[in-house]
>>> print(open('coords.pdb').read())   # PDB, C-alpha atoms
ATOM      1  CA  MET A1007    -140.396  62.330-111.671
ATOM      2  CA  GLU A1008    -138.531  63.564-114.732
ATOM      3  CA  ARG A1009    -139.357  67.082-115.897
ATOM      4  CA  THR A1010    -140.471  65.837-119.328
ATOM      5  CA  GLN A1011    -142.981  63.475-117.732
ATOM      6  CA  LEU A1012    -144.104  66.232-115.376
ATOM      7  CA  ALA A1013    -144.599  68.597-118.320
ATOM      8  CA  LEU A1014    -146.797  66.064-120.141
ATOM      9  CA  LEU A1015    -148.977  65.633-117.059
ATOM     10  CA  ALA A1016    -149.327  69.411-116.773
ATOM     11  CA  VAL A1017    -150.176  69.768-120.469
ATOM     12  CA  GLU A1018    -152.962  67.181-120.256
ATOM     13  CA  ALA A1019    -154.365  68.467-116.949
ATOM     14  CA  LEU A1020    -154.548  72.052-118.180
ATOM     15  CA  LYS A1021    -155.970  70.957-121.533
ATOM     16  CA  ALA A1022    -158.809  69.165-119.754
ATOM     17  CA  GLN A1023    -159.448  72.115-117.446
ATOM     18  CA  TYR A1024    -159.201  74.840-120.109
ATOM     19  CA  PRO A1025    -160.022  73.332-123.511
ATOM     20  CA  ASP A1026    -160.204  76.764-125.158
ATOM     21  CA  ALA A1027    -156.659  78.101-124.934
ATOM     22  CA  LEU A1028    -157.290  81.600-126.209
ATOM     23  CA  CYS A1029    -155.244  84.760-125.957
ATOM     24  CA  SER A1030    -156.940  87.204-123.593
ATOM     25  CA  LEU A1031    -156.141  90.197-125.800
ATOM     26  CA  ASP A1032    -158.776  91.246-128.337
ATOM     27  CA  TYR A1033    -157.467  91.676-131.890
ATOM     28  CA  GLN A1034    -158.483  91.279-135.526
ATOM     29  CA  ASP A1035    -155.138  91.019-137.312
ATOM     30  CA  PRO A1036    -151.401  90.520-136.649
ATOM     31  CA  LEU A1037    -150.675  94.241-136.291
ATOM     32  CA  GLN A1038    -153.403  94.682-133.694
ATOM     33  CA  LEU A1039    -152.012  91.797-131.636
ATOM     34  CA  LEU A1040    -148.507  93.249-131.877
ATOM     35  CA  ILE A1041    -149.715  96.645-130.670
ATOM     36  CA  SER A1042    -151.959  95.192-127.964
ATOM     37  CA  THR A1043    -149.080  93.152-126.581
ATOM     38  CA  ARG A1044    -146.885  96.249-126.407
ATOM     39  CA  LEU A1045    -149.643  98.050-124.513
ATOM     40  CA  ALA A1046    -149.944  95.126-122.080
ATOM     41  CA  ALA A1047    -146.476  95.731-120.619
ATOM     42  CA  GLN A1048    -146.996  96.733-116.966
ATOM     43  CA  CYS A1049    -150.726  96.793-117.687
ATOM     44  CA  THR A1050    -153.561  94.261-117.460
ATOM     45  CA  ASP A1051    -154.993  92.677-120.579
ATOM     46  CA  ALA A1052    -158.430  93.795-119.398
ATOM     47  CA  ARG A1053    -157.335  97.427-119.427
ATOM     48  CA  VAL A1054    -155.752  97.029-122.865
ATOM     49  CA  ASN A1055    -159.008  95.598-124.206
ATOM     50  CA  LEU A1056    -160.824  98.684-122.971
ATOM     51  CA  VAL A1057    -158.375 101.004-124.733
ATOM     52  CA  THR A1058    -157.828  99.328-128.096
ATOM     53  CA  PRO A1059    -161.322  99.700-129.638
ATOM     54  CA  ALA A1060    -160.938 103.486-129.835
ATOM     55  CA  LEU A1061    -157.282 103.175-130.847
ATOM     56  CA  PHE A1062    -158.002 100.788-133.708
ATOM     57  CA  ALA A1063    -161.049 102.780-134.785
ATOM     58  CA  ARG A1064    -158.847 105.857-135.151
ATOM     59  CA  PHE A1065    -155.987 103.878-136.747
ATOM     60  CA  PRO A1066    -157.626 100.998-138.629
ATOM     61  CA  THR A1067    -154.627 100.174-140.840
ATOM     62  CA  LEU A1068    -150.851 100.128-140.791
ATOM     63  CA  GLU A1069    -150.723 103.206-143.000
ATOM     64  CA  ALA A1070    -153.078 105.060-140.676
ATOM     65  CA  PHE A1071    -150.713 104.407-137.777
ATOM     66  CA  CYS A1072    -147.724 105.462-139.879
ATOM     67  CA  GLN A1073    -149.390 108.793-140.604
ATOM     68  CA  GLY A1074    -150.219 109.361-136.945
ATOM     69  CA  THR A1075    -148.177 111.087-134.267
ATOM     70  CA  GLU A1076    -146.802 109.943-130.935
ATOM     71  CA  GLU A1077    -148.949 112.543-129.227
ATOM     72  CA  GLU A1078    -152.207 111.354-130.771
ATOM     73  CA  ILE A1079    -151.450 107.700-130.114
ATOM     74  CA  GLY A1080    -150.380 108.609-126.591
ATOM     75  CA  GLU A1081    -153.685 110.315-125.833
ATOM     76  CA  LEU A1082    -155.598 107.171-126.777
ATOM     77  CA  ILE A1083    -153.408 104.783-124.759
ATOM     78  CA  HIS A1084    -152.760 107.051-121.772
ATOM     79  CA  SER A1085    -154.522 104.812-119.244
ATOM     80  CA  CYS A1086    -152.286 101.845-120.104
ATOM     81  CA  GLY A1087    -149.332 103.542-118.429
ATOM     82  CA  PHE A1088    -145.911 104.434-119.833
ATOM     83  CA  TYR A1089    -147.817 105.903-122.736
ATOM     84  CA  LYS A1090    -144.955 108.047-124.059
ATOM     85  CA  ALA A1091    -142.602 105.095-124.496
ATOM     86  CA  LYS A1092    -145.377 102.879-125.835
ATOM     87  CA  SER A1093    -146.620 105.426-128.375
ATOM     88  CA  LYS A1094    -143.057 106.000-129.564
ATOM     89  CA  ASP A1095    -142.483 102.260-130.010
ATOM     90  CA  ILE A1096    -145.833 101.691-131.737
ATOM     91  CA  LEU A1097    -145.239 104.424-134.293
ATOM     92  CA  ALA A1098    -141.640 103.365-134.940
ATOM     93  CA  ALA A1099    -142.587  99.691-135.257
ATOM     94  CA  CYS A1100    -145.382 100.469-137.719
ATOM     95  CA  ARG A1101    -143.091 102.542-139.881
ATOM     96  CA  LYS A1102    -140.422  99.844-139.855
ATOM     97  CA  ILE A1103    -142.983  97.212-140.846
ATOM     98  CA  ARG A1104    -144.034  99.473-143.722
ATOM     99  CA  ASP A1105    -140.533 100.398-144.860
ATOM    100  CA  GLU A1106    -138.580  97.180-144.281
ATOM    101  CA  PHE A1107    -141.087  94.324-144.238
ATOM    102  CA  GLY A1108    -143.445  95.175-147.069
ATOM    103  CA  GLY A1109    -146.252  96.172-144.747
ATOM    104  CA  GLN A1110    -146.474  92.690-143.181
ATOM    105  CA  VAL A1111    -145.762  91.744-139.577
ATOM    106  CA  PRO A1112    -142.676  89.462-139.723
ATOM    107  CA  ASP A1113    -143.086  85.721-139.218
ATOM    108  CA  ASN A1114    -139.729  84.938-137.605
ATOM    109  CA  MET A1115    -138.070  85.688-134.276
ATOM    110  CA  GLU A1116    -135.092  87.644-135.627
ATOM    111  CA  ASP A1117    -137.163  90.137-137.590
ATOM    112  CA  LEU A1118    -139.771  90.515-134.869
ATOM    113  CA  LEU A1119    -137.088  91.320-132.311
ATOM    114  CA  SER A1120    -135.771  94.048-134.611
ATOM    115  CA  LEU A1121    -139.023  95.993-134.159
ATOM    116  CA  PRO A1122    -138.994  98.759-131.526
ATOM    117  CA  GLY A1123    -140.604  97.652-128.280
ATOM    118  CA  VAL A1124    -140.790  93.982-129.236
ATOM    119  CA  GLY A1125    -139.185  91.476-126.876
ATOM    120  CA  ARG A1126    -139.228  87.696-126.847
ATOM    121  CA  LYS A1127    -142.597  87.530-125.051
ATOM    122  CA  THR A1128    -144.303  89.555-127.780
ATOM    123  CA  ALA A1129    -142.433  87.779-130.563
ATOM    124  CA  ASN A1130    -143.387  84.349-129.244
ATOM    125  CA  LEU A1131    -147.019  85.383-128.918
ATOM    126  CA  ILE A1132    -147.076  86.555-132.543
ATOM    127  CA  LEU A1133    -145.332  83.404-133.775
ATOM    128  CA  GLY A1134    -147.704  81.126-131.885
ATOM    129  CA  ASP A1135    -151.061  82.834-132.276
ATOM    130  CA  ILE A1136    -150.668  84.347-135.734
ATOM    131  CA  PHE A1137    -148.302  82.007-137.547
ATOM    132  CA  HIS A1138    -149.101  78.831-135.564
ATOM    133  CA  LYS A1139    -145.481  78.040-134.889
ATOM    134  CA  PRO A1140    -144.190  76.475-131.658
ATOM    135  CA  ALA A1141    -143.801  79.259-129.114
ATOM    136  CA  VAL A1142    -143.235  79.725-125.392
ATOM    137  CA  VAL A1143    -144.699  82.913-123.926
ATOM    138  CA  THR A1144    -143.258  83.372-120.445
ATOM    139  CA  ASP A1145    -145.526  85.883-118.741
ATOM    140  CA  THR A1146    -145.729  86.213-114.957
ATOM    141  CA  HIS A1147    -148.404  83.521-114.585
ATOM    142  CA  CYS A1148    -146.423  81.040-116.668
ATOM    143  CA  ILE A1149    -143.232  81.724-114.713
ATOM    144  CA  ARG A1150    -144.986  81.348-111.346
ATOM    145  CA  ILE A1151    -146.874  78.164-112.182
ATOM    146  CA  THR A1152    -144.072  76.330-113.972
ATOM    147  CA  GLY A1153    -141.807  77.207-111.063
ATOM    148  CA  ARG A1154    -144.265  75.776-108.537
ATOM    149  CA  LEU A1155    -144.683  72.660-110.657
ATOM    150  CA  GLY A1156    -140.936  72.095-110.754
ATOM    151  CA  LEU A1157    -140.519  72.562-114.504
ATOM    152  CA  THR A1158    -137.980  75.332-113.920
ATOM    153  CA  LYS A1159    -135.947  76.739-111.084
ATOM    154  CA  ASN A1160    -135.439  80.032-112.890
ATOM    155  CA  THR A1161    -137.484  83.220-112.731
ATOM    156  CA  ALA A1162    -135.880  85.247-115.535
ATOM    157  CA  PRO A1163    -138.250  85.022-118.543
ATOM    158  CA  GLN A1164    -135.647  83.982-121.103
ATOM    159  CA  LYS A1165    -134.223  81.286-118.821
ATOM    160  CA  VAL A1166    -137.706  79.956-118.096
ATOM    161  CA  GLU A1167    -138.397  79.947-121.833
ATOM    162  CA  LYS A1168    -135.264  77.891-122.443
ATOM    163  CA  ASP A1169    -136.216  75.409-119.724
ATOM    164  CA  LEU A1170    -139.730  74.969-121.111
ATOM    165  CA  TRP A1171    -138.470  74.440-124.651
ATOM    166  CA  GLN A1172    -136.601  71.412-123.291
ATOM    167  CA  VAL A1173    -139.654  69.700-121.811
ATOM    168  CA  LEU A1174    -142.812  70.837-123.636
ATOM    169  CA  PRO A1175    -143.982  69.114-126.830
ATOM    170  CA  PRO A1176    -143.549  71.822-129.515
ATOM    171  CA  GLU A1177    -147.093  71.409-130.796
ATOM    172  CA  GLU A1178    -148.466  72.022-127.272
ATOM    173  CA  SER A1179    -146.168  74.829-126.144
ATOM    174  CA  ASN A1180    -148.182  77.856-127.233
ATOM    175  CA  ASN A1181    -151.524  76.645-125.877
ATOM    176  CA  PHE A1182    -149.866  75.441-122.682
ATOM    177  CA  CYS A1183    -148.693  78.983-121.981
ATOM    178  CA  HIS A1184    -152.156  80.416-122.636
ATOM    179  CA  ARG A1185    -153.599  77.877-120.214
ATOM    180  CA  THR A1186    -151.133  78.788-117.475
ATOM    181  CA  VAL A1187    -152.422  82.368-117.739
ATOM    182  CA  LEU A1188    -156.002  81.178-117.300
ATOM    183  CA  HIS A1189    -154.980  78.951-114.392
ATOM    184  CA  GLY A1190    -152.924  81.716-112.824
ATOM    185  CA  ARG A1191    -155.907  84.029-112.791
ATOM    186  CA  ALA A1192    -158.443  81.473-111.591
ATOM    187  CA  VAL A1193    -156.618  79.116-109.217
ATOM    188  CA  CYS A1194    -152.872  79.546-108.719
ATOM    189  CA  THR A1195    -152.932  83.289-108.199
ATOM    190  CA  ALA A1196    -150.047  85.474-107.129
ATOM    191  CA  ARG A1197    -151.804  86.178-103.822
ATOM    192  CA  LYS A1198    -152.908  82.655-103.010
ATOM    193  CA  ALA A1199    -152.431  79.204-104.479
ATOM    194  CA  MET A1200    -155.790  77.439-104.122
ATOM    195  CA  CYS A1201    -154.331  73.949-104.223
ATOM    196  CA  ASP A1202    -157.588  72.257-103.195
ATOM    197  CA  ASN A1203    -159.072  73.387-106.509
ATOM    198  CA  CYS A1204    -156.017  72.721-108.672
ATOM    199  CA  CYS A1205    -156.092  70.181-111.486
ATOM    200  CA  MET A1206    -152.343  69.631-111.036
ATOM    201  CA  ALA A1207    -152.210  69.192-107.251
ATOM    202  CA  GLU A1208    -151.433  65.473-107.516
ATOM    203  CA  PHE A1209    -148.052  66.087-109.114
ATOM    204  CA  CYS A1210    -147.172  69.700-108.251
ATOM    205  CA  GLU A1211    -143.998  70.101-106.161
ATOM    206  CA  LYS A1212    -145.523  72.973-104.207
ATOM    207  CA  ALA A1213    -149.018  71.544-103.653
ATOM    208  CA  GLY A1214    -150.180  72.642-100.225
ATOM    209  CA  VAL A1215    -147.445  75.264 -99.936
ATOM    210  CA  LYS A1216    -149.291  78.587 -99.831
TER     211      LYS A1216
END
>>> encode(input="coords.pdb", output="structure tokens")
Amino acid sequence: MERTQLALLAVEALKAQYPDALCSLDYQDPLQLLISTRLAAQCTDARVNLVTPALFARFPTLEAFCQGTEEEIGELIHSCGFYKAKSKDILAACRKIRDEFGGQVPDNMEDLLSLPGVGRKTANLILGDIFHKPAVVTDTHCIRITGRLGLTKNTAPQKVEKDLWQVLPPEESNNFCHRTVLHGRAVCTARKAMCDNCCMAEFCEKAGVK
């Protein structure tokens, strides 16, 4: 089966299984999603969602963050891990958004990648969820599941992203990635692939391979 055909089957199967393809991070505006995604590096989304209410209550606006300090931000995000690097990036990114982008989170890949602490995963998430542009967010669940399906033979995020761009319909790409996260948590987990319960078992290359 060609990879494009396989991708379409996966898109439809996941769409039927998870009709609500929502980001698992809680946010109210583009800046909050940007910051939450930075906090999610080497940290679970569930933990981030526990931390951000107090963080965003203390810093409700871009200007509030810009007037903050690394130390104060760090205290509020300590339990997310790597808090010194994350607080430094958050403060620097907020100030760059204020000074160079008119106080608005950028809407294109080049400018997003210029922000401290922002990689392609974060940039794609912003482009897809905030600006509703085609995007491929290659988190660990997406990489694992698309590899098992046979949509990619790569494991490096940027290479997987490139492979998925070639086979996914652009209008489905962002939601497809959200659905692989949901599927990766519920069925095709890192510890065990529960193929008997998988909506894609009929066409998955690794079906039955634990």
>>> residues_around(input="coords.pdb", residues="Thr1144 of chain A", least_positions_apart="4", cutoff="12 Å", atoms="only C-alpha atoms", output="VMD selection string")
chain A and resid 1125 to 1131 1148 to 1153 1158 1160 to 1171 1179 to 1187
>>> resolve_selection(input="coords.pdb", expression="the PyMOL selection byres ((chain A and resi 1036) around 9)", output="PyMOL selection string")
chain A and resi 1033-1035+1037-1041+1110-1111+1132+1135-1136
>>> atom_distance(input="coords.pdb", atom1="atom CA of Lys1092 of chain A", atom2="atom CA of Glu1116 of chain A")
20.8 Å
>>> closest_residue(input="coords.pdb", among="A:Leu1133, A:Lys1090, A:Ser1042, A:Tyr1024", to="Ala1192 of chain A", atoms="only C-alpha atoms")
A:Tyr1024
>>> closest_residue(input="coords.pdb", among="A:Thr1195, A:Ser1093, A:Thr1043, A:Gln1023", to="Arg1154 of chain A", atoms="all atoms listed in the file")
A:Thr1195
>>> resolve_selection(input="coords.pdb", expression="the PyMOL selection byres ((chain A and resi 1196-1207) around 9)", output="PDB file with C-alpha atoms, in the frame of the given file")
ATOM      1  CA  LEU A1015    -148.977  65.633-117.059  1.00  0.00           C
ATOM      2  CA  ALA A1016    -149.327  69.411-116.773  1.00  0.00           C
ATOM      3  CA  ALA A1019    -154.365  68.467-116.949  1.00  0.00           C
ATOM      4  CA  LEU A1020    -154.548  72.052-118.180  1.00  0.00           C
ATOM      5  CA  ALA A1022    -158.809  69.165-119.754  1.00  0.00           C
ATOM      6  CA  GLN A1023    -159.448  72.115-117.446  1.00  0.00           C
ATOM      7  CA  THR A1146    -145.729  86.213-114.957  1.00  0.00           C
ATOM      8  CA  HIS A1147    -148.404  83.521-114.585  1.00  0.00           C
ATOM      9  CA  ARG A1150    -144.986  81.348-111.346  1.00  0.00           C
ATOM     10  CA  LEU A1155    -144.683  72.660-110.657  1.00  0.00           C
ATOM     11  CA  HIS A1189    -154.980  78.951-114.392  1.00  0.00           C
ATOM     12  CA  GLY A1190    -152.924  81.716-112.824  1.00  0.00           C
ATOM     13  CA  ARG A1191    -155.907  84.029-112.791  1.00  0.00           C
ATOM     14  CA  ALA A1192    -158.443  81.473-111.591  1.00  0.00           C
ATOM     15  CA  VAL A1193    -156.618  79.116-109.217  1.00  0.00           C
ATOM     16  CA  CYS A1194    -152.872  79.546-108.719  1.00  0.00           C
ATOM     17  CA  THR A1195    -152.932  83.289-108.199  1.00  0.00           C
ATOM     18  CA  GLU A1208    -151.433  65.473-107.516  1.00  0.00           C
ATOM     19  CA  PHE A1209    -148.052  66.087-109.114  1.00  0.00           C
ATOM     20  CA  CYS A1210    -147.172  69.700-108.251  1.00  0.00           C
ATOM     21  CA  GLU A1211    -143.998  70.101-106.161  1.00  0.00           C
ATOM     22  CA  LYS A1212    -145.523  72.973-104.207  1.00  0.00           C
ATOM     23  CA  ALA A1213    -149.018  71.544-103.653  1.00  0.00           C
ATOM     24  CA  GLY A1214    -150.180  72.642-100.225  1.00  0.00           C
ATOM     25  CA  VAL A1215    -147.445  75.264 -99.936  1.00  0.00           C
ATOM     26  CA  LYS A1216    -149.291  78.587 -99.831  1.00  0.00           C
TER      27      LYS A1216
END
>>> resolve_selection(input="coords.pdb", expression="the PyMOL selection byres ((chain A and resi 1047) around 9)", output="list in words")
Thr1043, Arg1044, Leu1045, Ala1046, Gln1048, Cys1049, Thr1050, Cys1086, Gly1087, Phe1088 and Lys1092 of chain A
>>> write_last_selection(input="coords.pdb", atoms="C-alpha atoms", output="PDB file, keeping the file's coordinate frame")
ATOM      1  CA  THR A1043    -149.080  93.152-126.581  1.00  0.00           C
ATOM      2  CA  ARG A1044    -146.885  96.249-126.407  1.00  0.00           C
ATOM      3  CA  LEU A1045    -149.643  98.050-124.513  1.00  0.00           C
ATOM      4  CA  ALA A1046    -149.944  95.126-122.080  1.00  0.00           C
ATOM      5  CA  GLN A1048    -146.996  96.733-116.966  1.00  0.00           C
ATOM      6  CA  CYS A1049    -150.726  96.793-117.687  1.00  0.00           C
ATOM      7  CA  THR A1050    -153.561  94.261-117.460  1.00  0.00           C
ATOM      8  CA  CYS A1086    -152.286 101.845-120.104  1.00  0.00           C
ATOM      9  CA  GLY A1087    -149.332 103.542-118.429  1.00  0.00           C
ATOM     10  CA  PHE A1088    -145.911 104.434-119.833  1.00  0.00           C
ATOM     11  CA  LYS A1092    -145.377 102.879-125.835  1.00  0.00           C
TER      12      LYS A1092
END
>>> closest_residue(input="coords.pdb", among="A:Asn1055, A:Glu1106, A:Ala1063, A:Ala1013", to="Leu1118 of chain A", atoms="all atoms listed in the file")
A:Glu1106
>>> atom_distance(input="coords.pdb", atom1="atom CA of Ala1141 of chain A", atom2="atom CA of Leu1014 of chain A")
16.2 Å
>>> atom_distance(input="coords.pdb", atom1="atom CA of Glu1178 of chain A", atom2="atom CA of Lys1159 of chain A")
21.0 Å
>>> closest_residue(input="coords.pdb", among="A:Glu1177, A:Glu1081, A:Asp1113, A:Glu1076", to="Cys1100 of chain A", atoms="all atoms listed in the file")
A:Glu1076
>>> closest_residue(input="coords.pdb", among="A:Leu1068, A:Leu1056, A:Leu1157, A:Gly1123", to="Val1017 of chain A", atoms="all atoms listed in the file")
A:Leu1157
>>> closest_residue(input="coords.pdb", among="A:Pro1112, A:Pro1122, A:Gly1156, A:Pro1176", to="Pro1140 of chain A", atoms="all atoms listed in the file")
A:Pro1176
>>> residues_around(input="coords.pdb", residues="Ala1099 of chain A", least_positions_apart="3", cutoff="6 Å", atoms="only C-alpha atoms", output="JSON, numbers by chain")
{"A": [1095, 1096, 1102, 1121, 1122]}
>>> write_last_selection(input="coords.pdb", atoms="C-alpha atoms", output="PDB file, in the coordinates of the input")
ATOM      1  CA  ASP A1095    -142.483 102.260-130.010  1.00  0.00           C
ATOM      2  CA  ILE A1096    -145.833 101.691-131.737  1.00  0.00           C
ATOM      3  CA  LYS A1102    -140.422  99.844-139.855  1.00  0.00           C
ATOM      4  CA  LEU A1121    -139.023  95.993-134.159  1.00  0.00           C
ATOM      5  CA  PRO A1122    -138.994  98.759-131.526  1.00  0.00           C
TER       6      PRO A1122
END
>>> residues_near_point(input="coords.pdb", point="(-158.2, 105.1, -128.8)", cutoff="12 Å", atoms="only C-alpha atoms", output="short mmCIF file (atom, residue, chain, number, x, y, z; two decimals) with C-alpha atoms, keeping the file's coordinate frame")
data_model
loop_
_atom_site.label_atom_id
_atom_site.label_comp_id
_atom_site.auth_asym_id
_atom_site.auth_seq_id
_atom_site.Cartn_x
_atom_site.Cartn_y
_atom_site.Cartn_z
CA SER A 1042 -151.96 95.19 -127.96
CA LEU A 1045 -149.64 98.05 -124.51
CA VAL A 1054 -155.75 97.03 -122.86
CA ASN A 1055 -159.01 95.60 -124.21
CA LEU A 1056 -160.82 98.68 -122.97
CA VAL A 1057 -158.38 101.00 -124.73
CA THR A 1058 -157.83 99.33 -128.10
CA PRO A 1059 -161.32 99.70 -129.64
CA ALA A 1060 -160.94 103.49 -129.84
CA LEU A 1061 -157.28 103.18 -130.85
CA PHE A 1062 -158.00 100.79 -133.71
CA ALA A 1063 -161.05 102.78 -134.78
CA ARG A 1064 -158.85 105.86 -135.15
CA PHE A 1065 -155.99 103.88 -136.75
CA PRO A 1066 -157.63 101.00 -138.63
CA PHE A 1071 -150.71 104.41 -137.78
CA GLU A 1077 -148.95 112.54 -129.23
CA GLU A 1078 -152.21 111.35 -130.77
CA ILE A 1079 -151.45 107.70 -130.11
CA GLY A 1080 -150.38 108.61 -126.59
CA GLU A 1081 -153.68 110.32 -125.83
CA LEU A 1082 -155.60 107.17 -126.78
CA ILE A 1083 -153.41 104.78 -124.76
CA HIS A 1084 -152.76 107.05 -121.77
CA SER A 1085 -154.52 104.81 -119.24
CA CYS A 1086 -152.29 101.84 -120.10
CA SER A 1093 -146.62 105.43 -128.38
#
>>> decode(input="coords.pdb", residues="segment 1174-1185 of chain A", atoms="N, CA and C atoms", output="compact mmCIF listing (two decimals), in the first residue's frame")
# COMPACT_ATOMS: atom_id res chain seq x y z
N LEU A 1174 0.26 13.60 4.18
CA LEU A 1174 -0.97 14.04 4.84
C LEU A 1174 -1.66 15.15 4.03
N PRO A 1175 -2.98 15.11 3.90
CA PRO A 1175 -3.68 16.25 3.32
C PRO A 1175 -3.44 17.48 4.20
N PRO A 1176 -3.03 18.61 3.65
CA PRO A 1176 -2.70 19.78 4.47
C PRO A 1176 -3.80 20.19 5.43
N GLU A 1177 -5.05 20.09 4.98
CA GLU A 1177 -6.16 20.52 5.83
C GLU A 1177 -6.41 19.56 7.00
N GLU A 1178 -5.82 18.37 6.95
CA GLU A 1178 -6.00 17.38 8.02
C GLU A 1178 -4.78 17.25 8.93
N SER A 1179 -3.67 17.87 8.54
CA SER A 1179 -2.39 17.57 9.19
C SER A 1179 -2.37 17.94 10.67
N ASN A 1180 -2.87 19.11 11.02
CA ASN A 1180 -2.81 19.55 12.41
C ASN A 1180 -3.67 18.66 13.31
N ASN A 1181 -4.90 18.41 12.92
CA ASN A 1181 -5.78 17.57 13.73
C ASN A 1181 -5.30 16.12 13.78
N PHE A 1182 -4.71 15.65 12.69
CA PHE A 1182 -4.15 14.30 12.69
C PHE A 1182 -3.11 14.15 13.80
N CYS A 1183 -2.26 15.15 13.94
CA CYS A 1183 -1.21 15.07 14.96
C CYS A 1183 -1.81 15.10 16.37
N HIS A 1184 -2.82 15.92 16.59
CA HIS A 1184 -3.50 15.93 17.88
C HIS A 1184 -4.10 14.56 18.18
N ARG A 1185 -4.66 13.93 17.15
CA ARG A 1185 -5.30 12.63 17.36
C ARG A 1185 -4.27 11.53 17.64
